[in-house]
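Contents: one structure, followed by commentary.
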Amino acid sequence: IDFTDPADSSKFEIANRKNAAIREGSGLALTATRHAFETCNDQYMLGDNLMVGVFSDKIYLPEGGWIDFWSGKRYEGRKQMEAIPIPEDRDGYLFIREGAIIPCKPVTQHVTEEPLDSLIIRVYPKGESSYTLYEDDGLTYAYEDGEIARTKMNCKATCSGLDFEIMPVEGKYEGMYGSRKYLIEFHGVSEPASVCVNGKEVPGWNFEDGKLSVSLAQEDTRQKVTINCKYGKKAMKVDFDNIEEQSIPSFKGGEKDFTVRMFTHGTNKLRKG
């Protein structure tokens, strides 16, 4: 899977508008802590959501949740990590910030080798997040005259499920795709009880090892597409990071009903409902 295009195109467009760097040394992008500056020569931020570590067995992760791209394991940030396993055929660390939405495509040698009418969208749900995909013809300077297209994607994750939206494309450029196929991958989620695309339940989704994959065809890129996933009671996830106190609906416990109430800080309590 190639992050370079189309994800980097959006990074370039954002950098141009904000007069910011595409790749930032971690000491600039992170909270100014001693560990951040000690490791800034061995790691950098690629955009807002990718942390890359090279030439070292240590990496500092900023505050929040981070997913190891190679293993899928979640780590809590604001600390330095050491000796995390890396595949033998890879050269360094790659962590993805929770909440990230990352468009990908199969690896190619150049932009025009394969059409971009099919994309893989990797989603790491966390609360509410969004991403705007930027596109142009990839060949000319017509983007300087405003020939560009932007497609916003939104994700909202809750304890009962998640909602994902692909908004209508805005703008245009020569050769722009009027339709598109997507493979949406939701990482680190529970197995859903149902999956709906544009309000209709679909059977053709796959769930394995915490990854939900949904294929869909957007017949008109100027039409909104929605995915709604609902968890069953047994599959509900509790967000310990952002919710101070949270209840899971009552469940049957033999002859008695119980309600489990989770606390972010302190001990968990079980009480009769």
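Residue names in the structure tokens use chain letters A, B, ... in the order shown, residue numbers from 1 in each chain, and ligand numbers from 1 in the order shown.
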For this session: Tell me which protein, DNA and RNA residues are within 9 Å of segment 168-170 of chain A, counting only C-alpha atoms, leaving out same-chain ones fewer than 3 positions away, and put them as a ChimeraX atom specification.
Result: /A:148-152,220-225
Could you write those residues out with N, CA, C and O atoms, as an mmCIF file, in the first residue's frame?
data_model
loop_
_atom_site.group_PDB
_atom_site.id
_atom_site.type_symbol
_atom_site.label_atom_id
_atom_site.label_comp_id
_atom_site.auth_asym_id
_atom_site.auth_seq_id
_atom_site.Cartn_x
_atom_site.Cartn_y
_atom_site.Cartn_z
ATOM 1 N N ILE A 148 -8.797 22.023 -9.188
ATOM 2 C CA ILE A 148 -8.565 21.031 -8.146
ATOM 3 C C ILE A 148 -9.909 20.510 -7.645
ATOM 4 O O ILE A 148 -10.951 21.131 -7.883
ATOM 5 N N ALA A 149 -9.855 19.379 -6.984
ATOM 6 C CA ALA A 149 -11.067 18.798 -6.393
ATOM 7 C C ALA A 149 -10.763 18.383 -4.966
ATOM 8 O O ALA A 149 -9.671 17.899 -4.661
ATOM 9 N N ARG A 150 -11.734 18.576 -4.098
ATOM 10 C CA ARG A 150 -11.583 18.185 -2.693
ATOM 11 C C ARG A 150 -12.771 17.305 -2.289
ATOM 12 O O ARG A 150 -13.909 17.629 -2.587
ATOM 13 N N THR A 151 -12.450 16.220 -1.596
ATOM 14 C CA THR A 151 -13.479 15.309 -1.097
ATOM 15 C C THR A 151 -13.284 15.143 0.404
ATOM 16 O O THR A 151 -12.257 14.628 0.841
ATOM 17 N N LYS A 152 -14.266 15.579 1.182
ATOM 18 C CA LYS A 152 -14.159 15.486 2.639
ATOM 19 C C LYS A 152 -14.739 14.164 3.122
ATOM 20 O O LYS A 152 -15.772 13.706 2.632
ATOM 21 N N ASP A 220 -21.675 8.211 -8.461
ATOM 22 C CA ASP A 220 -21.547 9.624 -8.798
ATOM 23 C C ASP A 220 -20.771 10.300 -7.666
ATOM 24 O O ASP A 220 -21.250 10.353 -6.539
ATOM 25 N N THR A 221 -19.579 10.793 -7.962
ATOM 26 C CA THR A 221 -18.748 11.389 -6.912
ATOM 27 C C THR A 221 -19.349 12.671 -6.356
ATOM 28 O O THR A 221 -18.865 13.189 -5.342
ATOM 29 N N ARG A 222 -20.396 13.184 -6.988
ATOM 30 C CA ARG A 222 -21.067 14.381 -6.464
ATOM 31 C C ARG A 222 -22.260 14.029 -5.575
ATOM 32 O O ARG A 222 -23.046 14.899 -5.216
ATOM 33 N N GLN A 223 -22.349 12.740 -5.243
ATOM 34 C CA GLN A 223 -23.394 12.281 -4.327
ATOM 35 C C GLN A 223 -22.746 11.768 -3.041
ATOM 36 O O GLN A 223 -21.729 11.086 -3.072
ATOM 37 N N LYS A 224 -23.356 12.074 -1.912
ATOM 38 C CA LYS A 224 -22.848 11.660 -0.610
ATOM 39 C C LYS A 224 -23.011 10.154 -0.417
ATOM 40 O O LYS A 224 -24.000 9.561 -0.851
ATOM 41 N N VAL A 225 -22.022 9.541 0.248
ATOM 42 C CA VAL A 225 -22.078 8.121 0.598
ATOM 43 C C VAL A 225 -21.941 7.995 2.113
ATOM 44 O O VAL A 225 -21.091 8.655 2.724
#
Exercise. Do you know which residues are at most 12 Å from Ile101 of chain A counting only C-alpha atoms, after dropping those on the same chain fewer than 2 positions away, and could you put them as a PyMOL selection string?
Worked result: chain A and resi 3+7+10+47-50+96-99+103-104+120-126+128-133+152-156+164-166+184-187
Problem set entry | Per-residue DSSP, segment 36-233 of chain A, filtered to strand (DSSP E), as JSON, numbers by chain | {"A": [43, 44, 45, 46, 50, 51, 52, 53, 54, 58, 59, 60, 61, 65, 66, 67, 68, 74, 75, 76, 79, 80, 81, 82, 92, 93, 94, 95, 96, 97, 101, 102, 103, 104, 118, 119, 120, 121, 122, 123, 128, 129, 130, 131, 132, 133, 134, 135, 149, 150, 151, 152, 153, 154, 155, 156, 157, 158, 161, 162, 163, 164, 165, 166, 170, 171, 180, 181, 182, 183, 184, 185, 186, 187, 192, 193, 194, 195, 196, 197, 200, 201, 205, 206, 207, 208, 211, 212, 213, 214, 215, 216, 217, 218, 225, 226, 227, 228, 229, 230, 231]}
For this session: Please provide the set of residues having any atom within 6 Å of segment 190-195 of chain A, restricted to only C-alpha atoms, with same-chain residues fewer than 6 positions apart removed, written as a ChimeraX atom specification.
Result: /A:201-202,228-232,235
Just-selected residues, N, CA and C atoms written as a PDB file, in the first residue's frame:
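Printed below is part-v9.pdb as written:
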ATOM      1  N   GLU A 201     -29.013  -2.108   4.544  1.00  0.00           N
ATOM      2  CA  GLU A 201     -28.118  -3.105   5.120  1.00  0.00           C
ATOM      3  C   GLU A 201     -27.466  -3.928   4.012  1.00  0.00           C
ATOM      4  N   VAL A 202     -26.157  -4.152   4.148  1.00  0.00           N
ATOM      5  CA  VAL A 202     -25.404  -4.893   3.139  1.00  0.00           C
ATOM      6  C   VAL A 202     -24.770  -6.118   3.787  1.00  0.00           C
ATOM      7  N   ASN A 228     -22.968   3.105   8.008  1.00  0.00           N
ATOM      8  CA  ASN A 228     -23.378   3.068   9.407  1.00  0.00           C
ATOM      9  C   ASN A 228     -23.193   1.658   9.939  1.00  0.00           C
ATOM     10  N   CYS A 229     -22.412   1.531  11.006  1.00  0.00           N
ATOM     11  CA  CYS A 229     -22.158   0.224  11.622  1.00  0.00           C
ATOM     12  C   CYS A 229     -22.679   0.251  13.049  1.00  0.00           C
ATOM     13  N   LYS A 230     -23.442  -0.759  13.399  1.00  0.00           N
ATOM     14  CA  LYS A 230     -23.974  -0.859  14.752  1.00  0.00           C
ATOM     15  C   LYS A 230     -23.420  -2.100  15.429  1.00  0.00           C
ATOM     16  N   TYR A 231     -22.942  -1.902  16.660  1.00  0.00           N
ATOM     17  CA  TYR A 231     -22.429  -3.018  17.434  1.00  0.00           C
ATOM     18  C   TYR A 231     -23.572  -3.696  18.182  1.00  0.00           C
ATOM     19  N   GLY A 232     -23.442  -4.999  18.396  1.00  0.00           N
ATOM     20  CA  GLY A 232     -24.337  -5.691  19.294  1.00  0.00           C
ATOM     21  C   GLY A 232     -23.885  -5.448  20.719  1.00  0.00           C
ATOM     22  N   ALA A 235     -20.534  -6.729  21.657  1.00  0.00           N
ATOM     23  CA  ALA A 235     -19.383  -6.191  20.941  1.00  0.00           C
ATOM     24  C   ALA A 235     -19.071  -4.757  21.289  1.00  0.00           C
TER      25      ALA A 235
END
Could you make a table, as a Markdown table, of the residues of segment 154-246 of chain A that have an atom within 10 Å of an atom of segment 72-86 of chain A, each with its nearest atom pair and distance in Å to one decimal, counting only C-alpha atoms, in chain and number order?
| residue | atom | partner | partner_atom | distance |
| --- | --- | --- | --- | --- |
| A:His187 | CA | A:Gly72 | CA | 8.0 |
| A:Gly188 | CA | A:Gly72 | CA | 7.6 |
| A:Asp209 | CA | A:Gly72 | CA | 9.4 |
| A:Gly210 | CA | A:Gly72 | CA | 8.9 |
| A:Lys211 | CA | A:Gly72 | CA | 9.5 |
| A:Asp241 | CA | A:Glu76 | CA | 9.6 |
Take the residues from that selection and put them in a file with N, CA, C and O atoms, as a PDB file, in the first residue's frame.
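Wrote out27.pdb, looks like this:
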ATOM      1  N   HIS A 187     -10.016   0.098  11.418  1.00  0.00           N
ATOM      2  CA  HIS A 187      -9.055  -0.653  12.229  1.00  0.00           C
ATOM      3  C   HIS A 187      -9.316  -0.457  13.720  1.00  0.00           C
ATOM      4  O   HIS A 187      -9.666   0.635  14.166  1.00  0.00           O
ATOM      5  N   GLY A 188      -9.135  -1.550  14.484  1.00  0.00           N
ATOM      6  CA  GLY A 188      -9.292  -1.479  15.927  1.00  0.00           C
ATOM      7  C   GLY A 188     -10.721  -1.324  16.382  1.00  0.00           C
ATOM      8  O   GLY A 188     -10.988  -0.633  17.360  1.00  0.00           O
ATOM      9  N   ASP A 209      -9.771  -9.968  12.992  1.00  0.00           N
ATOM     10  CA  ASP A 209      -8.717  -9.422  13.850  1.00  0.00           C
ATOM     11  C   ASP A 209      -8.874  -7.917  14.081  1.00  0.00           C
ATOM     12  O   ASP A 209      -7.908  -7.152  13.968  1.00  0.00           O
ATOM     13  N   GLY A 210     -10.078  -7.486  14.398  1.00  0.00           N
ATOM     14  CA  GLY A 210     -10.307  -6.089  14.723  1.00  0.00           C
ATOM     15  C   GLY A 210     -10.373  -5.155  13.536  1.00  0.00           C
ATOM     16  O   GLY A 210     -10.403  -3.934  13.701  1.00  0.00           O
ATOM     17  N   LYS A 211     -10.418  -5.699  12.324  1.00  0.00           N
ATOM     18  CA  LYS A 211     -10.512  -4.862  11.119  1.00  0.00           C
ATOM     19  C   LYS A 211     -11.807  -5.170  10.369  1.00  0.00           C
ATOM     20  O   LYS A 211     -12.069  -6.306  10.001  1.00  0.00           O
ATOM     21  N   ASP A 241     -10.512   6.785  27.249  1.00  0.00           N
ATOM     22  CA  ASP A 241      -9.660   7.967  27.180  1.00  0.00           C
ATOM     23  C   ASP A 241     -10.427   9.270  27.311  1.00  0.00           C
ATOM     24  O   ASP A 241      -9.950  10.225  27.906  1.00  0.00           O
TER      25      ASP A 241
END
Seminar exercise, completed: re atom CA of Val111 of chain A and atom CA of Leu139 of chain A: distance 8.7 Å
